[in-house]
Every structure is written in structure tokens, then in C-alpha cells.
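Visitor: Contents are mmCIF, C-alpha atoms; file name input.cif:
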data_upload
loop_
_atom_site.label_atom_id
_atom_site.label_comp_id
_atom_site.auth_asym_id
_atom_site.auth_seq_id
_atom_site.Cartn_x
_atom_site.Cartn_y
_atom_site.Cartn_z
CA MET V 3 37.71 46.40 143.44
CA LYS V 4 41.20 47.21 144.62
CA VAL V 5 43.84 46.22 142.06
CA PHE V 6 47.48 46.17 143.14
CA PHE V 7 50.11 46.60 140.46
CA ASP V 8 53.78 47.00 139.74
CA THR V 9 55.87 47.62 136.67
CA GLU V 10 59.44 47.01 135.64
CA PHE V 11 60.96 49.54 133.28
CA THR V 12 64.23 50.59 131.72
CA GLY V 13 65.31 53.18 134.27
CA LEU V 14 64.44 56.18 136.40
CA HIS V 15 64.50 58.76 133.60
CA LYS V 16 61.96 60.51 131.41
CA ASP V 17 62.41 58.27 128.37
CA THR V 18 61.98 55.00 130.27
CA THR V 19 59.96 52.21 128.66
CA LEU V 20 57.93 49.38 130.15
CA ILE V 21 59.43 45.91 130.38
CA SER V 22 56.63 44.20 132.31
CA ILE V 23 53.51 44.81 134.37
CA GLY V 24 51.79 42.71 137.02
CA LEU V 25 48.35 43.26 138.52
CA ILE V 26 46.50 41.32 141.19
CA ALA V 27 42.96 42.10 142.27
CA GLU V 28 41.53 41.73 145.77
CA ASN V 29 39.78 38.56 144.59
CA GLY V 30 43.12 37.04 143.51
CA ASN V 31 42.67 37.40 139.74
CA LYS V 32 46.02 38.17 138.09
CA PHE V 33 47.25 39.83 134.93
CA TYR V 34 50.91 39.67 133.91
CA ALA V 35 52.45 41.01 130.71
CA GLU V 36 55.88 41.36 129.20
CA PHE V 37 56.46 44.02 126.58
CA THR V 38 58.53 43.25 123.51
CA ASP V 39 58.90 46.87 122.40
CA TYR V 40 60.86 48.26 125.34
CA ASP V 41 64.04 50.19 124.50
CA LYS V 42 66.72 47.52 124.67
CA THR V 43 69.48 50.15 124.37
CA GLN V 44 68.55 51.28 127.89
CA ILE V 45 69.27 47.89 129.48
CA ASP V 46 72.31 48.03 131.73
CA ASP V 47 73.95 45.17 133.64
CA TRP V 48 71.76 45.68 136.73
CA LEU V 49 68.53 45.59 134.69
CA GLN V 50 69.71 42.54 132.79
CA GLU V 51 70.57 40.63 135.95
CA ASN V 52 67.67 41.75 138.15
CA VAL V 53 64.76 42.35 135.75
CA ILE V 54 65.30 40.85 132.28
CA ASN V 55 66.55 37.57 133.77
CA ASN V 56 63.31 37.36 135.84
CA LEU V 57 61.03 37.50 132.80
CA TYR V 58 59.43 34.16 132.04
CA LEU V 59 57.16 34.51 129.01
CA GLU V 60 58.89 33.69 125.75
CA LYS V 61 57.47 35.29 122.62
CA ALA V 62 58.59 32.47 120.36
CA GLN V 63 56.79 29.88 122.50
CA TYR V 64 53.81 31.97 123.60
CA ASP V 65 50.41 31.01 122.24
CA ARG V 66 48.11 33.99 122.85
CA ARG V 67 44.55 32.95 123.55
CA LEU V 68 41.84 34.83 125.38
CA LYS V 69 40.82 32.66 128.28
CA ASP V 70 37.30 31.97 129.46
CA ASN V 71 38.14 33.37 132.88
CA TYR V 72 40.19 36.20 134.30
CA SER V 73 42.09 34.32 137.00
CA ASP V 74 45.67 34.11 135.65
CA PHE V 75 45.92 35.96 132.37
CA GLU V 76 49.31 36.44 130.69
CA SER V 77 50.23 38.51 127.66
CA VAL V 78 53.42 39.12 125.73
CA GLY V 79 53.97 41.44 122.82
CA PRO V 80 54.16 45.09 121.85
CA THR V 81 52.31 47.71 123.92
CA SER V 82 49.44 47.78 121.42
CA LEU V 83 48.70 44.08 122.04
CA VAL V 84 49.20 44.25 125.81
CA LYS V 85 46.80 47.21 125.89
CA ILE V 86 44.02 45.10 124.29
CA ASP V 87 44.61 42.24 126.72
CA LEU V 88 44.79 44.56 129.72
CA GLU V 89 41.57 46.37 128.75
CA TRP V 90 39.84 43.00 128.49
CA TRP V 91 41.14 41.89 131.90
CA LEU V 92 40.19 45.19 133.57
CA SER V 93 36.68 44.98 132.09
CA GLN V 94 35.72 42.27 134.61
CA PHE V 95 35.38 44.94 137.32
CA ASP V 96 32.69 47.63 137.55
CA SER V 97 34.90 50.00 139.50
CA ILE V 98 38.66 49.84 140.12
CA GLU V 99 40.84 51.50 142.74
CA ILE V 100 44.51 51.24 141.76
CA TRP V 101 47.20 50.63 144.40
CA SER V 102 50.96 50.50 143.93
CA ASP V 103 54.13 50.85 145.98
CA CYS V 104 55.91 54.11 145.09
CA LEU V 105 53.71 54.89 142.15
CA SER V 106 55.43 57.94 140.64
CA TYR V 107 56.75 56.05 137.62
CA ASP V 108 54.32 53.13 137.71
CA TRP V 109 51.21 55.31 137.35
CA VAL V 110 52.66 57.38 134.48
CA LEU V 111 53.72 54.22 132.64
CA PHE V 112 50.33 52.61 133.29
CA ASN V 113 48.65 55.65 131.73
CA ASN V 114 51.06 55.51 128.77
CA ILE V 115 49.80 52.03 127.87
CA PHE V 116 46.48 53.68 126.99
CA GLY V 117 47.98 56.78 125.37
CA HIS V 118 47.55 59.17 128.29
CA ALA V 119 45.57 59.63 131.50
CA PHE V 120 42.35 60.65 129.73
CA ASP V 121 42.30 57.34 127.85
CA ILE V 122 42.49 54.90 130.76
CA PRO V 123 39.42 52.65 130.98
CA SER V 124 36.43 54.47 132.48
CA ASN V 125 36.02 51.92 135.29
CA ILE V 126 39.37 52.98 136.81
CA TYR V 127 39.25 55.70 139.45
CA TYR V 128 41.53 58.49 138.22
CA ILE V 129 43.32 58.91 141.58
CA PRO V 130 45.82 56.11 142.36
CA PHE V 131 46.95 55.15 145.85
CA ASP V 132 50.24 53.89 147.24
CA ILE V 133 51.37 51.83 150.18
CA CYS V 134 54.33 54.16 150.87
CA THR V 135 51.87 56.76 152.13
CA LEU V 136 49.94 54.11 154.03
CA PHE V 137 53.16 52.98 155.77
CA LYS V 138 53.90 56.60 156.73
CA LEU V 139 50.37 57.16 158.07
CA LYS V 140 50.65 53.99 160.17
CA GLY V 141 53.93 55.24 161.69
CA ILE V 142 56.08 52.69 159.83
CA ASP V 143 59.22 53.71 157.95
CA PRO V 144 58.16 53.78 154.25
CA ASP V 145 61.61 52.41 153.36
CA ILE V 146 60.91 49.13 155.19
CA SER V 147 61.63 45.92 153.29
CA ARG V 148 58.30 44.94 151.75
CA GLU V 149 59.21 41.24 151.78
CA GLU V 150 60.15 41.27 155.46
CA TYR V 151 57.04 43.25 156.41
CA SER V 152 54.65 41.05 154.44
CA MET V 153 56.62 37.83 155.04
CA PHE V 154 56.18 37.12 151.33
CA ASN V 155 59.07 35.39 149.58
CA GLY V 156 59.82 34.96 145.89
CA LYS V 157 61.65 36.54 142.97
CA LYS V 158 62.04 40.27 143.57
CA HIS V 159 61.99 42.56 140.52
CA ASN V 160 59.40 40.55 138.68
CA ALA V 161 56.31 42.75 138.26
CA MET V 162 53.84 39.98 139.19
CA TYR V 163 55.76 39.04 142.32
CA ASP V 164 56.10 42.69 143.33
CA ALA V 165 52.34 43.26 142.83
CA GLU V 166 51.64 40.29 145.12
CA VAL V 167 53.98 41.78 147.76
CA ILE V 168 52.18 45.13 147.51
CA LYS V 169 48.84 43.39 148.04
CA ALA V 170 50.21 41.45 151.03
CA CYS V 171 51.59 44.66 152.58
CA TYR V 172 48.28 46.46 152.06
CA GLU V 173 46.33 43.62 153.65
CA LYS V 174 48.62 43.58 156.68
CA LEU V 175 48.55 47.38 157.00
CA VAL V 176 44.75 47.58 157.04
CA SER V 177 44.09 44.50 159.18
#
Let me see the file written as C-alpha cells.
Guide:
Amino acid sequence: MKVFFDTEFTGLHKDTTLISIGLIAENGNKFYAEFTDYDKTQIDDWLQENVINNLYLEKAQYDRRLKDNYSDFESVGPTSLVKIDLEWWLSQFDSIEIWSDCLSYDWVLFNNIFGHAFDIPSNIYYIPFDICTLFKLKGIDPDISREEYSMFNGKKHNAMYDAEVIKACYEKLVS
């Protein structure tokens, strides 16, 4: 199963922390989580306006329940809680191929949820893939607007929305 994902985090530096993660599988099942333990001292005006303001789960109002199905699962809390929920959601698939956009930071942060790369769930293929490379191989400028290319519209800089855009780009690129 191909799973497309994106993360939002506190900056392009080595001590960055996760703010949110969105995953969407080929079959349309979604997982979205917001982390409550990100480093709030790293939030600048741009992050506040473009990322924090696009979060929509509220811890105070969130009633965490495991659902009977995997279709639209949401989680909010510290990394330790999100990890449990994410492991449960990922367990629905026998074998997972991970796809992202420019996955340099996303893949490292994904691995950090589980401790490190050797602790990711065993059903996840250890080599991730990215649509930037796929754009390049198809002769398309990898810096192309993902929304324009996929004709997908919504709230940019929300991890779930961005994961959906990545999936739409992939589907168009391979069709």
C-alpha cells in the first residue's frame, strides 16, 4: 500500500520538532495528528500565521477514542500518544511504501516518532520515495506548484491537506 504523508514542524534546523502529520493511503484512509509537545519557543510569525493557525484539533475539546475503522482517524497529544495511534493506523496494511514531497525533514521526523529508523513498524519499507524525484524523472520542474499541477485546492500548510496534494500529484504523474 502506498501511503502519502506530510509533516509540519518548527523550522528547517536540526532541533526542529513536529507540529502535525497527515497521511493518506491509496485506498483513501486518512490519519491526521497534531502534537502538543512541539517546541513553542521555535514558533515565529510565519509559522504562527501559516501552520499553527491551520491546526484544527483542540486538545481541550478532543475526545480520543479508537474507532472501529481506519478511514479518518485523528489524534492529538504528545508524541508518545500519537505514536500509539499511528502504529494502530499503520497496522491495517501488510506492506507500506511511504511517499512524500521533499522528504529530507519529513522522513527523519517520521522516524523520530518511533525513536529512530530501526524502530519504525516492520510493515513499512525502509526506503521512502518522493514526488520531487518523480517530477524530475518525468521532465517537470520539481519546483512546480503542487496545487496548480494537481488542481487540488484547500488550506496549504496543513499536513493533511499537503498529504492529499502529494497523493494527487503522484496519481497524475503515474497516469
Visitor: Here's the selection I'm unsure about, the PyMOL selection byres ((chain V and resi 36-42) around 7); applied to the file above, which residues does it give, as JSON, numbers by chain?
Guide: {"V": [19, 20, 21, 22, 23, 35, 43, 44, 45, 59, 77, 78, 79, 80, 81]}
Visitor: Those same residues, written as a PDB file, in the frame of the given file with C-alpha atoms?
Guide:
ATOM      1  CA  THR V  19      59.960  52.210 128.660  1.00  0.00           C
ATOM      2  CA  LEU V  20      57.930  49.380 130.150  1.00  0.00           C
ATOM      3  CA  ILE V  21      59.430  45.910 130.380  1.00  0.00           C
ATOM      4  CA  SER V  22      56.630  44.200 132.310  1.00  0.00           C
ATOM      5  CA  ILE V  23      53.510  44.810 134.370  1.00  0.00           C
ATOM      6  CA  ALA V  35      52.450  41.010 130.710  1.00  0.00           C
ATOM      7  CA  THR V  43      69.480  50.150 124.370  1.00  0.00           C
ATOM      8  CA  GLN V  44      68.550  51.280 127.890  1.00  0.00           C
ATOM      9  CA  ILE V  45      69.270  47.890 129.480  1.00  0.00           C
ATOM     10  CA  LEU V  59      57.160  34.510 129.010  1.00  0.00           C
ATOM     11  CA  SER V  77      50.230  38.510 127.660  1.00  0.00           C
ATOM     12  CA  VAL V  78      53.420  39.120 125.730  1.00  0.00           C
ATOM     13  CA  GLY V  79      53.970  41.440 122.820  1.00  0.00           C
ATOM     14  CA  PRO V  80      54.160  45.090 121.850  1.00  0.00           C
ATOM     15  CA  THR V  81      52.310  47.710 123.920  1.00  0.00           C
TER      16      THR V  81
END
Visitor: Using Å and a single decimal, report how far atom CA of Trp48 of chain V sits from atom CA of Ile100 of chain V.
Guide: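 Between atom CA of Ile100 of chain V and atom CA of Trp48 of chain V the gap works out to 28.3 Å.
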Visitor: With a distance cut-off of 9 Å and all atoms listed in the file, select the neighbouring residues of Cys104 of chain V, excluding the residue or stretch itself and same-chain residues fewer than 2 positions from it, and output the selection as a short mmCIF file (atom, residue, chain, number, x, y, z; two decimals) with C-alpha atoms, keeping the file's coordinate frame.
Guide:
data_model
loop_
_atom_site.label_atom_id
_atom_site.label_comp_id
_atom_site.auth_asym_id
_atom_site.auth_seq_id
_atom_site.Cartn_x
_atom_site.Cartn_y
_atom_site.Cartn_z
CA SER V 102 50.96 50.50 143.93
CA SER V 106 55.43 57.94 140.64
CA TYR V 107 56.75 56.05 137.62
CA ASP V 108 54.32 53.13 137.71
CA ASP V 132 50.24 53.89 147.24
CA ILE V 133 51.37 51.83 150.18
CA CYS V 134 54.33 54.16 150.87
CA THR V 135 51.87 56.76 152.13
#
Visitor: Spell out the residues picked by the PyMOL selection byres ((chain V and resi 7) around 6) here, as a ChimeraX atom specification.
Guide: /V:6,8,24-25,102,165
Visitor: Which is closer to Pro123 of chain V than all the others in V:Tyr151, V:Phe33, V:Trp91, V:Trp101, using all atoms listed in the file?
Guide: V:Trp91
Visitor: To one decimal place in Å, what is the distance between atom CA of Leu105 of chain V and atom CA of Asn125 of chain V?
Guide: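 Atom-to-atom, atom CA of Leu105 of chain V and atom CA of Asn125 of chain V are spaced 19.2 Å apart.
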Visitor: If you measure from atom CA of Ile129 of chain V to atom CA of Ala27 of chain V, what distance in Å do you get, rounded to one decimal?
Guide: 16.8 Å
Visitor: Could you list the residues chosen by the PyMOL selection byres ((chain V and resi 167) around 8) in this structure as a PyMOL selection string?
Guide: chain V and resi 148-149+152+154+163-166+168-171
Visitor: Counting all atoms listed in the file, which residue out of V:Ile146, V:Glu173, V:Glu89, V:Gly156 sits closest to Asp121 of chain V?
Guide: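 Of V:Ile146, V:Glu173, V:Glu89, V:Gly156, the one nearest Asp121 of chain V is V:Glu89, counting all atoms listed in the file.
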Visitor: For a quick check of understanding, using all atoms listed in the file, which of V:Asp103, V:Phe120, V:Ile115, V:Tyr127 has the smallest distance to Asp145 of chain V?
Guide: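 So, comparing all the options, the nearest one is V:Asp103.
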